[in-house]
file run-v7.txt (compact mmCIF, C-alpha atoms)
# COMPACT_ATOMS: atom_id res chain seq x y z
CA MET A 209 -40.41 -18.59 17.34
CA GLN A 210 -41.58 -22.13 17.97
CA TYR A 211 -45.29 -22.97 17.50
CA GLN A 212 -47.00 -25.52 19.74
CA ALA A 213 -50.61 -26.62 19.60
CA PRO A 214 -51.15 -28.99 22.54
CA THR A 215 -54.38 -30.94 22.87
CA ASP A 216 -54.12 -31.38 26.64
CA LEU A 217 -54.61 -28.69 29.32
CA ALA A 218 -51.63 -29.81 31.40
CA ASP A 219 -49.27 -29.44 28.42
CA VAL A 220 -50.02 -25.71 28.14
CA ALA A 221 -48.76 -24.94 31.64
CA ALA A 222 -45.73 -27.21 31.11
CA LEU A 223 -44.83 -25.48 27.83
CA LEU A 224 -45.23 -22.04 29.39
CA ALA A 225 -43.16 -23.05 32.44
CA SER A 226 -40.33 -24.42 30.29
CA ALA A 227 -40.36 -21.26 28.14
CA ASP A 228 -39.30 -19.42 31.30
CA GLY A 229 -41.16 -16.19 30.68
CA LYS A 230 -40.54 -16.26 26.94
CA GLY A 231 -43.75 -18.09 26.11
CA ARG A 232 -47.00 -16.59 24.97
CA VAL A 233 -50.50 -17.98 24.75
CA MET A 234 -52.50 -17.44 21.57
CA ALA A 235 -56.28 -17.82 21.38
CA GLY A 236 -57.77 -16.12 18.29
CA GLY A 237 -54.58 -14.14 17.74
CA THR A 238 -56.39 -11.00 16.55
CA ASP A 239 -54.49 -8.75 18.95
CA LEU A 240 -51.28 -10.76 19.04
CA LEU A 241 -50.70 -11.15 15.29
CA ALA A 242 -51.55 -7.48 14.68
CA ARG A 243 -48.83 -6.66 17.23
CA PHE A 244 -46.33 -8.97 15.57
CA ALA A 245 -47.10 -7.16 12.30
CA ALA A 246 -46.39 -3.86 14.08
CA GLY A 247 -42.94 -5.13 15.09
CA MET A 248 -43.48 -6.44 18.62
CA PRO A 249 -40.77 -8.99 19.45
CA LYS A 250 -42.04 -12.55 19.04
CA PRO A 251 -41.98 -15.00 21.94
CA ASP A 252 -39.67 -18.04 21.89
CA VAL A 253 -42.68 -20.31 22.21
CA LEU A 254 -46.18 -19.57 20.99
CA VAL A 255 -48.78 -21.86 22.54
CA ASP A 256 -51.98 -22.15 20.49
CA ILE A 257 -54.75 -23.18 22.91
CA LYS A 258 -57.46 -23.77 20.29
CA HIS A 259 -56.91 -27.53 20.07
CA ILE A 260 -57.94 -28.18 23.68
CA ALA A 261 -61.57 -29.23 24.16
CA GLU A 262 -62.14 -27.27 27.42
CA LEU A 263 -60.97 -24.05 25.79
CA MET A 264 -63.40 -24.37 22.85
CA ASP A 265 -66.62 -25.40 24.63
CA ILE A 266 -69.68 -23.57 25.93
CA GLU A 267 -71.36 -25.57 28.70
CA GLN A 268 -74.57 -24.87 30.56
CA ALA A 269 -74.92 -26.58 33.94
CA SER A 270 -78.24 -27.69 35.43
CA ASP A 271 -78.10 -24.76 37.91
CA GLY A 272 -78.16 -22.33 34.95
CA SER A 273 -74.50 -21.34 35.15
CA PHE A 274 -72.36 -21.25 32.01
CA THR A 275 -68.73 -22.12 31.48
CA VAL A 276 -67.32 -20.55 28.33
CA GLY A 277 -63.95 -21.78 27.08
CA ALA A 278 -61.45 -18.93 26.97
CA ALA A 279 -60.74 -19.45 23.25
CA VAL A 280 -64.33 -19.81 21.97
CA CYS A 281 -64.67 -17.29 19.13
CA GLY A 282 -67.20 -14.46 19.15
CA ALA A 283 -69.19 -15.97 16.28
CA ALA A 284 -69.69 -19.21 18.24
CA ILE A 285 -70.81 -17.19 21.28
CA SER A 286 -73.36 -15.25 19.20
CA GLU A 287 -74.67 -18.53 17.75
CA HIS A 288 -75.31 -19.98 21.24
CA ALA A 289 -78.98 -19.11 21.81
CA ALA A 290 -79.14 -20.13 25.49
CA LEU A 291 -76.05 -18.10 26.40
CA CYS A 292 -77.31 -15.04 24.47
CA SER A 293 -80.66 -15.27 26.21
CA ALA A 294 -79.20 -15.67 29.73
CA TRP A 295 -76.41 -13.10 29.31
CA PRO A 296 -77.49 -10.61 26.61
CA GLY A 297 -75.04 -7.98 27.89
CA VAL A 298 -71.98 -10.22 27.88
CA THR A 299 -72.80 -11.60 24.44
CA GLU A 300 -73.63 -8.21 22.90
CA ALA A 301 -70.35 -6.81 24.27
CA MET A 302 -68.38 -9.65 22.68
CA ASP A 303 -70.30 -9.19 19.43
CA LEU A 304 -69.30 -5.50 19.27
CA ILE A 305 -65.62 -6.39 18.92
CA GLY A 306 -64.34 -5.90 15.38
CA SER A 307 -65.72 -7.17 12.10
CA VAL A 308 -67.29 -10.49 11.11
CA GLN A 309 -63.72 -11.56 10.24
CA ILE A 310 -62.50 -10.70 13.76
CA GLN A 311 -65.53 -12.44 15.28
CA GLY A 312 -64.41 -15.64 13.54
CA ARG A 313 -61.30 -15.65 15.74
CA ALA A 314 -61.46 -13.27 18.72
CA SER A 315 -62.31 -14.72 22.15
CA LEU A 316 -63.39 -13.66 25.64
CA GLY A 317 -60.12 -14.99 27.07
CA GLY A 318 -58.09 -13.02 24.55
CA ASN A 319 -60.06 -9.82 25.09
CA LEU A 320 -59.48 -10.16 28.83
CA CYS A 321 -55.78 -11.09 28.73
CA ASN A 322 -54.97 -8.39 26.16
CA ALA A 323 -55.91 -6.14 29.08
CA SER A 324 -56.85 -3.07 27.06
CA PRO A 325 -58.59 -0.35 29.10
CA ALA A 326 -61.13 -0.14 26.24
CA ALA A 327 -61.86 -3.89 25.91
CA ASP A 328 -65.60 -4.26 25.27
CA ALA A 329 -66.19 -7.72 26.75
CA VAL A 330 -64.38 -7.02 30.03
CA PRO A 331 -66.79 -4.53 31.69
CA ALA A 332 -69.67 -6.84 30.76
CA LEU A 333 -67.88 -9.84 32.30
CA ILE A 334 -67.09 -7.84 35.44
CA ALA A 335 -70.70 -6.68 35.80
CA ALA A 336 -71.79 -10.30 35.31
CA GLY A 337 -69.58 -11.40 38.22
CA ALA A 338 -67.68 -13.75 35.91
CA ILE A 339 -64.91 -15.87 37.40
CA CYS A 340 -61.82 -17.09 35.54
CA ARG A 341 -60.48 -20.59 35.91
CA ILE A 342 -56.71 -20.18 35.72
CA LEU A 343 -54.26 -23.02 35.32
CA GLY A 344 -50.51 -22.89 35.87
CA SER A 345 -47.66 -25.28 36.56
CA GLN A 346 -48.32 -24.88 40.31
CA GLY A 347 -51.99 -25.76 39.99
CA GLU A 348 -55.33 -24.13 39.51
CA ARG A 349 -56.99 -21.02 40.94
CA GLN A 350 -60.24 -19.12 40.47
CA VAL A 351 -60.02 -15.34 40.12
CA SER A 352 -62.82 -12.89 39.58
CA VAL A 353 -62.55 -11.13 36.19
CA ALA A 354 -62.61 -7.83 38.11
CA ASP A 355 -59.21 -8.75 39.65
CA ILE A 356 -57.41 -9.93 36.49
CA ILE A 357 -56.24 -6.67 34.90
CA CYS A 358 -53.66 -4.72 36.95
CA SER A 359 -52.70 -1.98 34.47
CA PRO A 360 -53.04 -1.32 30.74
CA GLY A 361 -51.73 -4.43 28.96
CA LYS A 362 -50.87 -6.25 32.22
CA THR A 363 -52.72 -9.05 34.00
CA CYS A 364 -52.13 -10.73 37.36
CA LEU A 365 -51.35 -14.03 35.65
CA ASP A 366 -47.89 -15.56 36.17
CA SER A 367 -45.87 -16.36 33.06
CA ASP A 368 -46.81 -20.05 33.28
CA GLU A 369 -50.51 -19.40 33.83
CA PHE A 370 -53.39 -19.10 31.37
CA VAL A 371 -57.15 -18.68 31.48
CA VAL A 372 -59.00 -21.93 30.78
CA SER A 373 -62.58 -20.69 30.95
CA LEU A 374 -64.96 -18.04 32.19
CA TYR A 375 -67.71 -19.01 34.60
CA LEU A 376 -70.98 -17.07 34.52
CA PRO A 377 -72.88 -17.81 37.73
CA PRO A 378 -76.51 -18.96 37.93
CA ARG A 379 -78.86 -15.98 38.12
CA PRO A 380 -82.05 -15.34 40.04
CA PRO A 381 -85.26 -14.91 38.04
CA ARG A 382 -85.85 -11.40 36.65
CA SER A 383 -82.15 -10.73 36.07
CA ALA A 384 -80.58 -9.27 32.94
CA ASP A 385 -77.53 -7.37 31.74
CA ALA A 386 -76.72 -4.87 29.00
CA TYR A 387 -73.60 -3.30 27.52
CA LEU A 388 -73.34 -0.10 25.51
CA ARG A 389 -70.32 1.68 24.12
CA LEU A 390 -69.77 4.86 22.16
CA ILE A 391 -67.66 4.91 19.03
CA PRO A 392 -67.54 7.74 16.47
CA ARG A 393 -68.99 5.53 13.72
CA SER A 394 -71.36 2.59 13.69
CA GLU A 395 -68.84 -0.29 13.41
CA MET A 396 -65.16 -1.19 13.63
CA ASP A 397 -63.78 1.17 16.23
CA ILE A 398 -62.48 1.28 19.78
CA ALA A 399 -64.71 2.47 22.61
CA VAL A 400 -64.55 6.11 23.70
CA ALA A 401 -66.45 4.87 26.74
CA GLY A 402 -68.35 1.68 27.57
CA ALA A 403 -70.81 0.76 30.30
CA ALA A 404 -72.15 -2.58 31.50
CA VAL A 405 -75.05 -3.02 33.89
CA ASN A 406 -76.22 -6.29 35.41
CA LEU A 407 -79.29 -6.20 37.63
CA THR A 408 -82.08 -8.17 39.27
CA LEU A 409 -85.63 -6.94 39.85
CA ASP A 410 -88.15 -8.17 42.39
CA SER A 411 -91.77 -8.92 41.48
CA ALA A 412 -92.65 -5.23 41.85
CA ASP A 413 -89.84 -4.16 39.41
CA VAL A 414 -87.67 -2.81 42.24
CA VAL A 415 -83.91 -3.25 41.67
CA VAL A 416 -82.67 -5.67 44.31
CA ALA A 417 -79.17 -6.29 42.96
CA ALA A 418 -77.02 -4.26 40.57
CA THR A 419 -73.44 -4.24 39.35
CA ILE A 420 -72.06 -1.48 37.14
CA ALA A 421 -68.74 -1.67 35.31
CA LEU A 422 -67.20 0.90 32.96
CA GLY A 423 -64.64 0.64 30.16
CA ALA A 424 -62.25 3.13 28.52
CA VAL A 425 -62.66 5.70 31.32
CA SER A 426 -59.79 4.59 33.57
CA PRO A 427 -56.51 2.66 33.25
CA VAL A 428 -58.36 -0.58 34.02
CA PRO A 429 -62.07 -1.44 33.71
CA LEU A 430 -63.86 0.13 36.63
CA LEU A 431 -66.42 -1.32 39.03
CA VAL A 432 -68.72 1.41 40.35
CA PRO A 433 -70.46 0.18 43.53
CA ARG A 434 -71.45 3.77 44.43
CA ALA A 435 -73.52 3.94 41.24
CA ALA A 436 -75.11 0.57 41.98
CA ASP A 437 -76.15 1.93 45.40
CA VAL A 438 -78.07 4.75 43.68
CA ILE A 439 -80.37 2.40 41.75
CA LEU A 440 -80.76 -0.26 44.45
CA GLY A 441 -84.29 -0.08 45.88
CA SER A 442 -85.49 2.06 42.97
CA LYS A 443 -87.62 1.37 39.90
CA LEU A 444 -85.11 3.26 37.72
CA GLU A 445 -87.27 6.39 37.86
CA ALA A 446 -86.15 9.51 35.98
CA ASP A 447 -84.85 11.38 39.05
CA VAL A 448 -82.92 8.28 40.19
CA MET A 449 -81.34 7.97 36.76
CA THR A 450 -80.24 11.62 36.84
CA ARG A 451 -78.41 10.97 40.13
CA PHE A 452 -77.07 7.67 38.79
CA LYS A 453 -75.64 9.45 35.74
CA SER A 454 -73.80 12.02 37.81
CA VAL A 455 -72.36 9.40 40.20
CA VAL A 456 -71.10 7.37 37.22
CA SER A 457 -69.56 10.47 35.61
CA ALA A 458 -67.89 11.46 38.87
CA SER A 459 -66.38 7.97 39.25
CA CYS A 460 -64.53 8.02 35.92
CA ARG A 461 -60.81 8.66 35.71
CA PRO A 462 -60.26 8.93 31.94
CA ILE A 463 -57.46 10.45 29.90
CA ASN A 464 -57.57 12.98 27.08
CA ASP A 465 -56.67 11.35 23.80
CA LYS A 466 -57.64 11.36 20.12
CA ARG A 467 -60.79 9.40 20.93
CA GLY A 468 -62.19 11.86 23.43
CA THR A 469 -61.53 14.45 26.10
CA ILE A 470 -61.84 13.85 29.83
CA ASP A 471 -65.05 15.89 30.08
CA TYR A 472 -66.62 14.18 27.11
CA ARG A 473 -65.78 10.70 28.40
CA ASN A 474 -67.11 11.48 31.89
CA HIS A 475 -70.35 12.72 30.40
CA VAL A 476 -70.77 9.90 27.89
CA ALA A 477 -70.03 7.18 30.47
CA GLY A 478 -72.92 8.50 32.59
CA VAL A 479 -75.30 8.59 29.64
CA LEU A 480 -74.32 5.07 28.49
CA ALA A 481 -74.58 3.59 31.98
CA ALA A 482 -78.06 5.08 32.46
CA ARG A 483 -79.24 3.77 29.07
CA ALA A 484 -77.71 0.34 29.77
CA ALA A 485 -79.46 0.21 33.15
CA LEU A 486 -82.81 0.95 31.51
CA ILE A 487 -82.22 -1.71 28.84
CA ALA A 488 -81.18 -4.27 31.48
CA GLY A 489 -84.27 -3.31 33.52
CA LYS A 490 -86.58 -3.84 30.53
CA ARG A 491 -84.95 -7.16 29.73
CA ALA A 492 -85.23 -8.33 33.35
CA ALA A 493 -88.91 -7.33 33.56
CA ARG A 494 -89.69 -9.11 30.28
CA GLU A 495 -87.81 -12.17 31.46
CA GLY A 496 -90.16 -12.44 34.44
CA LEU A 497 -93.36 -12.45 32.41
CA MET B 191 -37.12 -25.26 11.06
CA LYS B 192 -39.77 -25.36 8.34
CA GLN B 193 -43.05 -26.99 9.24
CA HIS B 194 -44.97 -29.27 6.93
CA ILE B 195 -48.65 -28.32 6.72
CA CYS B 196 -51.41 -30.35 5.02
CA THR B 197 -54.66 -28.55 4.17
CA HIS B 198 -57.47 -28.52 1.67
CA ILE B 199 -57.62 -25.29 -0.31
CA ASN B 200 -60.69 -24.80 -2.51
CA GLY B 201 -61.35 -28.51 -2.13
CA GLU B 202 -57.90 -29.64 -3.24
CA ALA B 203 -55.42 -31.36 -0.93
CA THR B 204 -52.55 -28.89 -0.64
CA GLU B 205 -49.28 -29.19 1.28
CA PHE B 206 -46.74 -26.50 2.00
CA LEU B 207 -43.69 -25.74 4.10
CA CYS B 208 -43.61 -22.62 6.24
CA ASP B 209 -41.96 -20.93 9.20
CA ALA B 210 -43.89 -20.69 12.48
CA ALA B 211 -44.19 -16.91 12.11
CA ASP B 212 -45.49 -16.90 8.50
CA THR B 213 -49.07 -15.74 8.14
CA LEU B 214 -51.58 -17.71 6.10
CA LEU B 215 -51.75 -14.67 3.80
CA GLN B 216 -48.00 -14.83 3.09
CA VAL B 217 -48.14 -18.53 2.31
CA LEU B 218 -51.22 -18.23 0.07
CA ARG B 219 -49.64 -15.46 -1.96
CA ASP B 220 -45.90 -16.15 -1.89
CA ASN B 221 -45.63 -19.94 -1.59
CA LEU B 222 -48.81 -21.10 -3.30
CA ARG B 223 -49.16 -18.18 -5.74
CA LEU B 224 -52.85 -17.80 -4.90
CA THR B 225 -52.51 -14.06 -5.38
CA GLY B 226 -56.25 -13.38 -5.58
CA THR B 227 -56.13 -12.85 -1.83
CA LYS B 228 -54.74 -9.33 -1.32
CA GLU B 229 -52.68 -7.74 1.40
CA GLY B 230 -54.03 -4.36 2.50
CA CYS B 231 -53.27 -3.35 6.07
CA GLY B 232 -51.79 -6.61 7.39
CA THR B 233 -53.42 -5.97 10.78
CA GLY B 234 -57.00 -7.20 10.33
CA ASP B 235 -58.59 -3.81 9.70
CA CYS B 236 -59.28 -3.83 5.96
CA GLY B 237 -60.49 -7.33 5.07
CA ALA B 238 -58.68 -7.46 1.69
CA CYS B 239 -57.17 -10.81 2.75
CA SER B 240 -60.49 -12.40 3.76
CA VAL B 241 -60.70 -16.17 3.32
CA MET B 242 -62.84 -18.94 4.78
CA LEU B 243 -61.05 -21.08 7.38
CA ASN B 244 -63.09 -24.11 8.50
CA ASP B 245 -66.29 -22.30 7.45
CA ARG B 246 -65.50 -19.10 9.33
CA LEU B 247 -64.73 -15.83 7.58
CA VAL B 248 -61.30 -14.62 8.77
CA CYS B 249 -58.53 -12.23 7.82
CA SER B 250 -55.70 -14.45 6.57
CA CYS B 251 -53.19 -11.84 7.81
CA LEU B 252 -54.34 -12.66 11.36
CA VAL B 253 -53.94 -16.42 10.96
CA LEU B 254 -50.60 -18.19 11.18
CA ALA B 255 -49.95 -20.56 8.31
CA VAL B 256 -49.12 -23.32 10.83
CA GLU B 257 -52.64 -22.98 12.23
CA ALA B 258 -53.96 -24.20 8.88
CA GLN B 259 -52.82 -27.78 9.64
CA HIS B 260 -55.66 -30.16 8.62
CA SER B 261 -58.01 -27.26 7.90
CA GLN B 262 -60.33 -26.40 5.03
CA ILE B 263 -59.57 -23.08 3.34
CA GLU B 264 -61.57 -21.33 0.66
CA THR B 265 -60.15 -18.39 -1.24
CA VAL B 266 -61.52 -16.17 -4.00
CA GLU B 267 -59.94 -18.54 -6.55
CA GLY B 268 -62.54 -21.14 -5.52
CA LEU B 269 -65.55 -18.94 -6.29
CA ALA B 270 -65.88 -19.39 -10.06
CA ASN B 271 -66.86 -22.77 -11.44
CA GLY B 272 -64.32 -23.18 -14.24
CA ASP B 273 -65.02 -20.40 -16.73
CA SER B 274 -68.40 -19.50 -15.31
CA LEU B 275 -68.28 -16.75 -12.76
CA HIS B 276 -70.01 -16.98 -9.39
CA PRO B 277 -73.23 -14.86 -9.38
CA LEU B 278 -71.50 -12.45 -6.98
CA GLN B 279 -68.57 -11.97 -9.36
CA GLN B 280 -70.99 -11.38 -12.25
CA ALA B 281 -73.01 -8.91 -10.17
CA PHE B 282 -69.86 -6.97 -9.21
CA LEU B 283 -69.06 -6.63 -12.95
CA ASP B 284 -72.65 -5.75 -13.90
CA HIS B 285 -72.91 -3.09 -11.18
CA ALA B 286 -69.36 -1.75 -11.67
CA ALA B 287 -68.83 -2.49 -7.99
CA LEU B 288 -65.09 -2.06 -8.19
CA GLN B 289 -62.53 0.48 -9.26
CA CYS B 290 -58.96 -0.33 -8.27
CA GLY B 291 -59.94 -3.88 -7.33
CA ILE B 292 -57.76 -4.45 -4.26
CA CYS B 293 -60.74 -4.87 -1.94
CA THR B 294 -62.76 -6.94 -4.42
CA PRO B 295 -61.54 -10.49 -3.64
CA GLY B 296 -62.05 -9.92 0.10
CA LEU B 297 -65.49 -8.45 -0.49
CA LEU B 298 -66.48 -11.37 -2.72
CA VAL B 299 -65.39 -13.92 -0.10
CA ALA B 300 -67.13 -11.95 2.67
CA ALA B 301 -70.30 -11.53 0.60
CA LYS B 302 -70.39 -15.24 -0.20
CA ALA B 303 -70.08 -16.01 3.52
CA LEU B 304 -73.04 -13.69 4.15
CA LEU B 305 -75.26 -15.26 1.48
CA ASP B 306 -74.36 -18.79 2.62
CA HIS B 307 -75.53 -17.83 6.08
CA ASN B 308 -78.40 -15.51 5.13
CA PRO B 309 -79.71 -15.82 1.55
CA SER B 310 -82.03 -12.78 1.91
CA PRO B 311 -80.09 -10.06 3.73
CA SER B 312 -81.53 -6.57 4.08
CA GLU B 313 -79.45 -3.63 2.86
CA SER B 314 -78.60 -2.84 6.45
CA GLU B 315 -77.48 -6.42 7.12
CA VAL B 316 -75.22 -6.26 4.06
CA ARG B 317 -73.70 -2.97 5.22
CA PHE B 318 -73.00 -4.27 8.72
CA TRP B 319 -71.62 -7.57 7.41
CA ILE B 320 -69.08 -5.87 5.13
CA ALA B 321 -67.99 -3.33 7.77
CA GLY B 322 -64.71 -5.24 7.98
CA ASN B 323 -63.99 -4.80 4.26
CA LEU B 324 -62.67 -1.36 3.43
CA CYS B 325 -63.00 0.07 -0.07
CA ARG B 326 -61.38 3.44 -0.70
CA CYS B 327 -62.76 3.90 -4.24
CA THR B 328 -66.44 3.12 -4.62
CA GLY B 329 -68.25 4.59 -1.64
CA TYR B 330 -69.75 1.11 -1.07
CA ASP B 331 -73.08 1.82 -2.70
CA LYS B 332 -72.43 -0.17 -5.86
CA ILE B 333 -70.94 -2.99 -3.79
CA VAL B 334 -74.05 -3.18 -1.63
CA ARG B 335 -76.31 -3.11 -4.69
CA ALA B 336 -74.23 -5.85 -6.36
CA ILE B 337 -74.48 -8.09 -3.30
CA LEU B 338 -78.25 -7.55 -3.04
CA ALA B 339 -78.67 -8.24 -6.77
CA ALA B 340 -76.58 -11.42 -6.52
CA ALA B 341 -78.66 -12.57 -3.54
CA ASP B 342 -81.81 -11.95 -5.56
CA ASN B 343 -80.43 -13.78 -8.56
CA MET B 344 -79.22 -16.74 -6.49
CA ARG B 345 -82.61 -17.06 -4.77
CA THR B 346 -84.44 -16.97 -8.11
CA THR B 347 -82.11 -19.54 -9.65
CA HIS B 348 -82.36 -21.72 -6.58
CA ASP B 349 -86.16 -21.47 -6.43
CA GLY B 350 -86.35 -22.09 -10.19
CA ALA B 351 -84.20 -25.19 -9.85
CA GLN B 352 -86.49 -26.50 -7.14
CA SER B 353 -89.82 -25.93 -8.91
call {"tool": "encode", "arguments": {"input": "run-v7.txt", "output": "structure tokens"}}
result
Amino acid sequence: MQYQAPTDLADVAALLASADGKGRVMAGGTDLLARFAAGMPKPDVLVDIKHIAELMDIEQASDGSFTVGAAVCGAAISEHAALCSAWPGVTEAMDLIGSVQIQGRASLGGNLCNASPAADAVPALIAAGAICRILGSQGERQVSVADIICSPGKTCLDSDEFVVSLYLPPRPPRSADAYLRLIPRSEMDIAVAGAAVNLTLDSADVVVAATIALGAVSPVPLLVPRAADVILGSKLEADVMTRFKSVVSASCRPINDKRGTIDYRNHVAGVLAARAALIAGKRAAREGL
Amino acid sequence: MKQHICTHINGEATEFLCDAADTLLQVLRDNLRLTGTKEGCGTGDCGACSVMLNDRLVCSCLVLAVEAQHSQIETVEGLANGDSLHPLQQAFLDHAALQCGICTPGLLVAAKALLDHNPSPSESEVRFWIAGNLCRCTGYDKIVRAILAAADNMRTTHDGAQS
């Protein structure tokens, strides 16, 4: 295995293209190096993207949008007060991944491209409407995070492409997001189910926009527009939330495994989504004061 | 082909040769004989190999040695000042916060990172911070008490030095 640490964006695509499918991008390496340790064959060329300025920056534009470099580590995200305040759901989802040690390395780009069905940051990014900037030897494209993962462990990226950054769009006033997951203990585990809710309230606390995304309850993170429809036009009243919960549960397509049964995951996803919606609602209302 | 890496480890300029696939943990232990850093799981779950890399707490098993080029690394060997132990090391001894000792260097490095960043952590903050350091002997209670006592001691010493 050859190690390359380019300092220029264009060199990454060129290195990946010349590796002819036998190249691999490394951001924090927390998934990749654990896999090497487990015996996964190593690539011919490993391209470390952490020496490129665009990959390591968090930028806030004057319109309120954020661009987060794909390799920015979780600790740096949690330390960015403006990002945490604008996108509490995205940043709390990232912060849930692993230990302090993992947070010193793991990134949004890595969590996305690892393409685990249980990735914590991905449902939050999908609910946020985040868009990836992808660069390859043929040029650049923008793809919604919701369209990146095709199946467990697989993304739609070509072998010479990589994610440069994640764009979080400007948000209307009284908007907020939240992410919750269930694990059997309080830290250091993989989600049994996860739920992200991003919503906007009007001045009378009525939900005027909502996006719901679920993790660990289907082969790829799941957008649930049917559930969003239930809370649109409501004030998240108790009877609405009961319906919301059952629509979320009915939308899940989980598997039985050591982390949870199908029934349990369906149930828990509904409970988490309802709680996340209420948290996002409270945050959005507070934001408008 | 071996790669030539220049770093600072515990403040000292250190060079080594390594293969692209070697982890920082392997190089610290096998090439540089800094065997205070322990290998537990090798997959970033247990924290026994915790070190500071450019002021971030990381598992050295999840860092490639080549990534350490021009970086600053701190290991458990850098904690004591000559023969005088770091207050955390002394507190671990005083509170019998270790049994087999494999997790201890990682816990000391992690605890130092915590106190550098938050000199007055609550018990709950200590417990969350060390969630990535597994100890199979002590049940954590003595470790948590040792870290809180060291924090207390360091604050008192620091305040005393200032007044």
call {"tool": "atom_distance", "arguments": {"input": "run-v7.txt", "atom1": "CA of Thr227 (chain B)", "atom2": "CA of Cys325 (chain B)"}}
result
14.7 Å
call {"tool": "interface_residues", "arguments": {"input": "run-v7.txt", "of": "chain A", "to": "chain B", "cutoff": "9 Å", "atoms": "all atoms listed in the file", "output": "PyMOL selection string"}}
result
chain A and resi 209-211+213+236-246+250+254+256+283+306-313+394-396
call {"tool": "residues_around", "arguments": {"input": "run-v7.txt", "residues": "region 333-345 of chain B", "least_positions_apart": "5", "cutoff": "6 Å", "atoms": "only C-alpha atoms", "output": "MDAnalysis selection string"}}
result
chainID B and resid 277:278 281:282 285 287
call {"tool": "closest_residue", "arguments": {"input": "run-v7.txt", "among": "A:Ala225, A:Val416, A:Ala261, A:Ala403", "to": "Val298 (chain A)", "atoms": "only C-alpha atoms"}}
result
A:Ala403
call {"tool": "closest_residue", "arguments": {"input": "run-v7.txt", "among": "A:Arg491, A:Ser442, A:Thr215, A:Val330", "to": "Met302 (chain A)", "atoms": "only C-alpha atoms"}}
result
A:Val330
call {"tool": "atom_distance", "arguments": {"input": "run-v7.txt", "atom1": "CA of Ala314 (chain A)", "atom2": "CA of Ala235 (chain A)"}}
result
7.4 Å
call {"tool": "atom_distance", "arguments": {"input": "run-v7.txt", "atom1": "CA of Glu205 (chain B)", "atom2": "CA of Ile260 (chain A)"}}
result
24.0 Å
call {"tool": "residues_around", "arguments": {"input": "run-v7.txt", "residues": "region 450-452 of chain A", "least_positions_apart": "4", "cutoff": "9 Å", "atoms": "only C-alpha atoms", "output": "list in words"}}
result
Arg434, Ala435, Ala436, Asp437, Val438, Ile439, Glu445, Ala446, Val456, Ser457, Gly478, Ala481 and Ala482 of chain A
call {"tool": "residues_around", "arguments": {"input": "run-v7.txt", "residues": "Ser411 (chain A)", "least_positions_apart": "2", "cutoff": "10 Å", "atoms": "only C-alpha atoms", "output": "list in words"}}
result
Pro381, Arg382, Thr408, Leu409, Asp413, Val414, Val415, Ala493, Gly496 and Leu497 of chain A
call {"tool": "residues_around", "arguments": {"input": "run-v7.txt", "residues": "Arg389 (chain A)", "least_positions_apart": "4", "cutoff": "7 Å", "atoms": "all atoms listed in the file", "output": "PyMOL selection string"}}
result
chain A and resi 399+401-403+480
call {"tool": "closest_residue", "arguments": {"input": "run-v7.txt", "among": "A:Ala412, A:Ala421, A:Cys321, A:Val428", "to": "Ile342 (chain A)", "atoms": "all atoms listed in the file"}}
result
A:Cys321
call {"tool": "residues_around", "arguments": {"input": "run-v7.txt", "residues": "Leu431 (chain A)", "least_positions_apart": "5", "cutoff": "9 Å", "atoms": "only C-alpha atoms", "output": "list of chain:residue names"}}
result
A:Pro331, A:Ile334, A:Ala335, A:Ala354, A:Thr419, A:Ile420, A:Ala421, A:Leu422
call {"tool": "axis_aligned_box", "arguments": {"input": "run-v7.txt", "around": "region 255-271 of chain B", "padding_each_side": "4 Å", "output": "AutoDock Vina command-line options"}}
result
--center_x -58.0 --center_y -23.2 --center_z 0.4 --size_x 25.7 --size_y 22.0 --size_z 31.7
call {"tool": "closest_residue", "arguments": {"input": "run-v7.txt", "among": "A:Ile398, A:Ala338, A:Met449, A:Ala326", "to": "Leu430 (chain A)", "atoms": "only C-alpha atoms"}}
result
A:Ala326
